[in-house]
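Student: Sharing query12.txt below, compact mmCIF, C-alpha atoms:
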# COMPACT_ATOMS: atom_id res chain seq x y z
CA MET A 1 192.35 177.89 115.14
CA SER A 2 190.03 180.78 114.19
CA LYS A 3 186.38 180.05 113.72
CA THR A 4 185.07 180.38 110.19
CA LYS A 5 181.83 182.26 109.69
CA LEU A 6 179.37 180.16 107.67
CA LYS A 7 175.71 180.19 106.70
CA CYS A 8 173.50 177.35 108.19
CA GLY A 9 172.45 174.90 105.53
CA ASP A 10 169.07 174.36 107.20
CA CYS A 11 167.78 177.67 108.57
CA GLY A 12 170.17 179.99 106.66
CA LYS A 13 171.32 181.71 109.84
CA PRO A 14 175.03 182.79 109.91
CA PHE A 15 177.12 181.02 112.55
CA ARG A 16 180.78 180.40 113.58
CA ALA A 17 181.87 176.84 112.67
CA THR A 18 183.91 175.04 115.29
CA ARG A 19 185.04 172.23 112.86
CA ALA A 20 185.67 172.03 109.18
CA SER A 21 182.82 169.50 108.51
CA GLN A 22 180.15 171.54 110.30
CA LEU A 23 177.35 172.65 107.95
CA PHE A 24 174.56 173.51 110.38
CA CYS A 25 174.31 175.85 113.31
CA GLU A 26 174.27 174.56 116.88
CA GLU A 27 170.48 174.83 117.20
CA CYS A 28 169.75 173.02 113.90
CA GLU A 29 172.27 170.29 114.72
CA ARG A 30 170.59 169.73 118.11
CA LYS A 31 167.20 169.37 116.39
CA ARG A 32 168.57 166.91 113.86
CA ARG A 33 170.17 164.78 116.62
CA GLN A 34 166.87 164.68 118.52
CA HIS A 35 164.91 163.71 115.37
CA LYS A 36 167.42 160.98 114.54
CA ALA A 37 167.29 159.56 118.08
CA GLN A 38 163.47 159.51 118.01
CA GLY A 39 163.45 157.64 114.70
CA ALA A 40 165.84 155.01 116.02
CA SER A 41 163.61 154.41 119.06
CA ASN A 42 160.54 153.89 116.83
CA LYS A 43 162.33 151.20 114.78
CA ALA A 44 163.25 149.26 117.92
CA VAL A 45 159.55 148.70 118.85
CA VAL A 46 158.33 145.13 117.77
CA THR A 47 154.66 144.67 116.91
CA PRO A 48 153.17 141.72 118.83
CA PRO A 49 151.87 138.84 116.64
CA THR A 50 148.23 138.83 115.67
CA ALA A 51 146.00 136.51 117.64
CA GLY A 52 145.83 133.09 116.11
CA LYS A 53 148.80 133.76 113.81
CA PRO A 54 152.00 131.67 114.14
CA ALA A 55 155.12 133.41 115.42
CA TRP A 56 157.03 132.63 112.25
CA MET A 57 154.42 134.62 110.29
CA ALA A 58 154.44 137.63 112.62
CA LYS A 59 156.17 139.84 110.06
CA SER A 60 154.30 138.52 107.01
CA PRO A 61 151.83 140.84 105.31
CA VAL A 62 148.13 140.34 106.06
CA ARG A 63 145.71 140.34 103.11
CA ASP A 64 142.93 141.91 105.10
CA ALA A 65 144.06 144.10 107.97
CA THR A 66 140.60 144.10 109.52
CA THR A 67 140.32 140.29 109.70
CA PRO A 68 142.77 138.44 112.00
CA TYR A 69 144.45 135.31 110.78
CA THR A 70 142.49 132.15 111.64
CA ALA A 71 142.89 128.50 110.72
CA ALA A 72 140.72 127.15 107.91
CA VAL A 73 137.54 125.57 109.27
CA PRO A 74 135.40 123.37 106.98
CA VAL A 75 132.01 124.86 106.36
CA PRO A 76 129.25 122.24 106.72
CA THR A 77 127.05 121.78 103.67
CA THR A 78 123.38 121.22 104.32
CA ASP A 79 121.83 121.80 100.86
CA ARG A 80 123.01 118.61 99.18
CA VAL A 81 120.53 116.79 97.03
CA ALA A 82 120.01 113.13 97.86
CA ARG A 83 120.58 110.61 95.09
CA PRO A 84 117.53 108.74 93.83
CA GLY A 85 117.01 105.73 96.05
CA GLY A 86 120.04 106.61 98.18
CA ALA A 87 120.59 108.01 101.68
CA THR A 88 119.42 111.52 102.60
CA PRO A 89 122.26 113.85 103.80
CA THR A 90 121.77 115.54 107.16
CA THR A 91 123.98 117.68 109.46
CA THR A 92 125.22 116.50 112.85
CA ALA A 93 125.76 118.68 115.93
CA THR A 94 129.44 119.08 115.03
CA GLY A 95 128.54 120.53 111.64
CA ARG A 96 129.66 117.46 109.70
CA PRO A 97 127.29 115.93 107.17
CA SER A 98 126.02 112.46 107.90
CA LEU A 99 123.95 110.00 105.89
CA THR A 100 120.69 108.55 107.10
CA PRO A 101 120.40 104.84 106.21
CA ARG A 102 117.86 104.32 103.47
CA THR A 103 114.84 102.15 103.94
CA PRO A 104 115.57 98.56 102.83
CA ARG A 105 113.63 97.35 99.82
CA PRO A 106 111.09 94.61 100.31
CA PRO A 107 112.30 91.20 99.15
CA ARG A 108 111.29 90.18 95.67
CA GLU A 109 108.79 87.46 95.25
CA PRO A 110 110.29 84.37 93.62
CA LYS A 111 109.09 83.54 90.14
CA PRO A 112 106.66 80.67 89.97
CA PRO A 113 108.31 77.46 88.78
CA VAL A 114 107.67 76.46 85.19
CA PRO A 115 105.41 73.43 85.19
CA HIS A 116 106.98 70.29 83.79
CA PHE A 117 105.72 69.32 80.34
CA GLU A 118 105.50 65.61 79.71
CA VAL A 119 106.34 64.96 76.04
CA THR A 120 104.43 62.07 74.50
CA PRO A 121 104.71 60.37 71.08
CA ALA A 122 101.43 62.05 70.13
CA HIS A 123 103.03 65.47 70.70
CA ILE A 124 106.02 64.58 68.54
CA ALA A 125 103.77 63.26 65.74
CA ALA A 126 101.64 66.43 65.82
CA ILE A 127 104.72 68.67 65.69
CA GLU A 128 106.24 66.79 62.75
CA ALA A 129 102.97 66.76 60.81
CA ARG A 130 102.41 70.48 61.29
CA TYR A 131 106.02 71.30 60.45
CA LEU A 132 105.98 69.36 57.18
CA ALA A 133 102.70 71.01 56.25
CA LEU A 134 104.02 74.53 56.84
CA ALA A 135 107.60 74.10 55.58
CA GLN A 136 106.81 74.63 51.88
CA PRO A 137 109.45 76.05 52.10
CA GLU A 138 110.49 76.61 55.69
CA PHE A 139 110.28 80.19 56.95
CA ASP A 140 111.58 82.11 59.91
CA GLY A 141 109.27 81.82 62.91
CA ILE A 142 107.76 78.48 61.94
CA ARG A 143 108.65 76.88 65.28
CA THR A 144 107.03 79.71 67.24
CA GLN A 145 103.85 79.38 65.19
CA ILE A 146 103.69 75.62 65.79
CA ALA A 147 104.27 76.10 69.53
CA ASN A 148 101.41 78.62 69.72
CA GLU A 149 99.03 76.52 67.64
CA LEU A 150 99.62 73.26 69.50
CA HIS A 151 100.14 74.85 72.96
CA ILE A 152 103.46 73.05 73.32
CA PRO A 153 106.61 74.69 74.73
CA LYS A 154 108.86 76.06 72.02
CA ARG A 155 111.87 74.12 73.31
CA VAL A 156 109.97 70.87 72.70
CA VAL A 157 109.03 72.01 69.19
CA LYS A 158 112.65 72.93 68.39
CA GLU A 159 113.96 69.56 69.58
CA ALA A 160 111.30 67.63 67.64
CA VAL A 161 111.97 69.61 64.42
CA ARG A 162 115.74 69.19 64.82
CA ASP A 163 115.39 65.41 65.17
CA LEU A 164 113.01 65.25 62.19
CA ARG A 165 115.33 67.25 59.93
CA ALA A 166 118.33 65.15 60.93
CA ARG A 167 116.40 61.92 60.35
CA MET A 168 115.13 63.04 56.94
CA GLN A 169 118.40 64.80 56.00
CA MET A 170 116.60 68.05 55.28
CA PRO A 171 118.78 71.08 54.46
CA SER A 172 118.15 74.35 56.24
CA TRP A 173 115.46 76.70 55.02
CA TRP A 174 117.88 78.96 53.16
CA ASP A 175 119.14 75.92 51.26
CA MET A 176 115.60 75.34 49.95
CA GLN A 177 115.49 78.48 47.82
CA GLY A 178 115.12 78.35 44.03
CA TYR A 179 117.84 76.88 41.83
CA GLN A 180 120.42 79.50 40.82
CA GLY A 181 123.06 77.37 39.10
CA GLU A 182 123.94 76.85 35.45
CA LEU A 183 121.28 75.37 33.15
CA ALA A 184 123.77 72.79 31.92
CA ASP A 185 124.24 71.55 35.48
CA LEU A 186 120.46 71.43 35.92
CA ASP A 187 120.19 69.18 32.87
CA ARG A 188 122.83 66.89 34.35
CA ILE A 189 120.94 66.79 37.65
CA ARG A 190 117.68 65.98 35.82
CA ALA A 191 119.28 63.12 33.88
CA ALA A 192 120.81 61.63 37.01
CA TYR A 193 117.63 62.04 39.04
CA ASP A 194 115.31 60.49 36.43
CA ARG A 195 116.99 57.13 36.94
CA TYR A 196 115.68 56.97 40.53
CA LEU A 197 112.02 57.91 39.88
CA PRO A 198 109.32 57.40 40.96
CA VAL A 199 110.57 56.89 44.53
CA PRO A 200 114.18 58.06 44.93
CA PRO A 201 115.88 56.97 48.17
CA VAL A 202 116.22 59.41 51.05
CA GLY A 203 119.35 61.54 50.66
CA ILE A 204 119.60 61.01 46.90
CA HIS A 205 120.80 64.60 46.47
CA LYS A 206 124.07 63.74 48.26
CA ALA A 207 124.69 60.70 46.04
CA ILE A 208 124.06 62.73 42.86
CA ALA A 209 126.27 65.55 44.15
CA ALA A 210 129.16 63.14 44.63
CA GLU A 211 128.53 61.64 41.18
CA LEU A 212 128.40 64.96 39.32
CA GLY A 213 131.00 66.81 41.38
CA LEU A 214 128.49 69.45 42.57
CA SER A 215 127.55 70.68 46.02
CA PRO A 216 124.68 68.89 47.85
CA THR A 217 122.87 72.21 48.21
CA GLN A 218 122.97 72.92 44.47
CA VAL A 219 121.73 69.40 43.66
CA TYR A 220 118.97 69.65 46.29
CA ARG A 221 117.69 72.88 44.76
CA GLY A 222 118.00 71.39 41.28
CA ILE A 223 115.92 68.34 42.31
CA SER A 224 113.28 70.68 43.75
CA ALA A 225 113.12 72.51 40.40
CA VAL A 226 112.91 69.20 38.48
CA ARG A 227 110.07 67.89 40.66
CA GLN A 228 108.23 71.17 40.24
CA THR A 229 108.41 70.95 36.43
CA LEU A 230 107.22 67.31 36.59
CA GLY A 231 104.27 68.22 38.79
CA LEU A 232 105.51 66.09 41.69
CA PRO A 233 105.08 67.07 45.35
CA HIS A 234 108.07 68.41 47.19
CA PHE A 235 108.05 65.45 49.60
CA ASN A 236 107.30 61.74 49.06
CA ASP A 237 105.18 59.68 51.39
CA PRO A 238 107.46 58.10 54.03
CA ALA A 239 105.42 54.90 53.75
CA LYS A 240 107.12 54.34 50.37
CA HIS A 241 110.57 54.38 51.99
CA PRO A 242 111.26 51.11 53.82
CA GLU A 243 114.69 52.42 54.83
CA MET A 244 113.15 55.12 57.05
CA PRO A 245 112.47 54.51 60.78
CA ARG A 246 108.98 53.32 61.69
CA SER A 247 108.39 56.48 63.75
CA ALA A 248 108.41 58.53 60.52
CA VAL A 249 106.24 56.25 58.40
CA ALA A 250 103.11 58.28 59.08
CA GLN A 251 104.77 61.52 57.90
CA PRO A 252 105.85 62.84 54.47
CA SER A 253 109.56 62.45 53.65
CA LEU A 254 112.16 64.33 51.66
CA THR A 255 112.73 63.18 48.10
Show me the file's structure as structure tokens.

Tutor:
Amino acid sequence: MSKTKLKCGDCGKPFRATRASQLFCEECERKRRQHKAQGASNKAVVTPPTAGKPAWMAKSPVRDATTPYTAAVPVPTTDRVARPGGATPTTTATGRPSLTPRTPRPPREPKPPVPHFEVTPAHIAAIEARYLALAQPEFDGIRTQIANELHIPKRVVKEAVRDLRARMQMPSWWDMQGYQGELADLDRIRAAYDRYLPVPPVGIHKAIAAELGLSPTQVYRGISAVRQTLGLPHFNDPAKHPEMPRSAVAQPSLT
């Protein structure tokens, strides 16, 4: 087979081809084989893993080529601010924060015991007298005022006033406001009440309320308005009521 004269595809030098697929001269082919062999040897070299980096991450990209891979180490914090009244943070030799036990508070002094107040009949009589004098009508804070004036504990005043109001069947202070019902009902209350003057029995407002079909509160306020127009005091003297207990005889009573 005759050799074909060709032009080298790399250096352009004419040469005699020894095979149909030859495109480069002998010298250029030798250079290309050497370059290819050198490249294959470079790929076979394995880069050793970075210090501190696991083997399974040897081929993984490193974010910072200048800093080797290291495990995360907690950074101790020493600039914490202590809570008010709490422990003060410090740093141990290992770099971990620790808490210094706070100073225990001194024990509180116990409150002095409240001295016992011995309630006497004279105290009860003074409370009832002062209450009936001030309750024209009753107002908010009347019990506190009586306790301060008589130097008696307020709880004693409240109990004495509660017993007095229950004994005399006195409505609450908001029930003692002015009459706000119909004038026709007031005339009926006046006519029914006149039959019991001058000394109606205690609790007459409840009996009249049942008789007229009205509420006890409405009748009570109506009686107060009737007594005011007649010039009568709001309360009668308990001494005129034989049905009242003897403990209340020295005090005014409800009409």

Student: Which one is closest to A:Gln136: A:Gly213, A:Pro233, A:Gly39, A:Pro112? Count all atoms listed in the file.

Tutor: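 Among the listed residues, A:Pro233 lies closest to A:Gln136.
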
Student: Quick one: residues within 8 Å of A:Arg16, only C-alpha atoms counted, chain neighbours fewer than 4 positions away excluded, as a PyMOL selection string?

Tutor: chain A and resi 3-6+25

Student: Please indicate the distance in Å from atom CA of A:His151 to atom CA of A:Asp237, rounded to one decimal place.

Tutor: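 Those two atoms sit 26.8 Å apart.
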
Student: Please list as a ChimeraX atom specification every residue within 12 Å of stretch 178-188 of chain A, counting only C-alpha atoms and excluding residues in the same chain fewer than 3 positions away.

Tutor: /A:137,173-175,191-195,208-209,211-215,217-228

Student: Listed atoms of stretch 212-225 of chain A, axis-aligned box, 5 Å per side: centre and edge lengths to one decimal in Å, as AutoDock Vina command-line options?

Tutor:
--center_x 122.1 --center_y 68.9 --center_z 43.8 --size_x 27.9 --size_y 18.0 --size_z 18.9

Student: Calculated over only C-alpha atoms, which of the candidates A:Ala166, A:Val202, A:Ile146, A:Cys28 has the smallest distance to A:Pro14?

Tutor: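 Using only C-alpha atoms, the shortest distance to A:Pro14 belongs to A:Cys28.
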
Student: One decimal, Å: what's the distance from atom CA of A:His234 over to atom CA of A:Ile189, could you say?

Tutor: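 Straight-line distance from atom CA of A:His234 to atom CA of A:Ile189 works out to 16.1 Å.
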
Student: With all atoms listed in the file as the counted atoms, please give the residues lying no more than 10 Å from A:His123, apart from itself and same-chain residues fewer than 2 positions off, as a list in words.

Tutor: Glu118, Val119, Thr120, Pro121, Ala125, Ala126, Ile127, Glu128, Ala129, Leu150, Ile152, Val156, Val157 and Ala160 of chain A

Student: Suppose you want the space between atom CA of A:Arg162 and atom CA of A:His116; what is it in Å?

Tutor: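 Going from atom CA of A:Arg162 over to atom CA of A:His116 covers 20.9 Å.
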
Student: Which residue, A:Ile124, A:Leu197, A:Leu230, A:Leu164, has the smallest gap to A:Ala147 when you use only C-alpha atoms?

Tutor: A:Ile124

Student: For the point (175.2, 171.7, 109.9) in file coordinates, what residues are within 10 Å, counting only C-alpha atoms? Give the answer as JSON, numbers by chain?

Tutor: {"A": [6, 7, 8, 9, 10, 11, 15, 17, 21, 22, 23, 24, 25, 26, 27, 28, 29, 30, 32]}

Student: When distances are computed from all atoms listed in the file, which of A:Leu134, A:Met170, A:Leu232, A:Ala239 shows the smallest separation from A:His205?

Tutor: A:Met170

Student: Pick out the closest residue to A:Glu149 from this set: A:Tyr196, A:Phe235, A:Phe117, A:Tyr131. Count only C-alpha atoms.

Tutor: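 Under the stated criterion, the closest residue is A:Tyr131.
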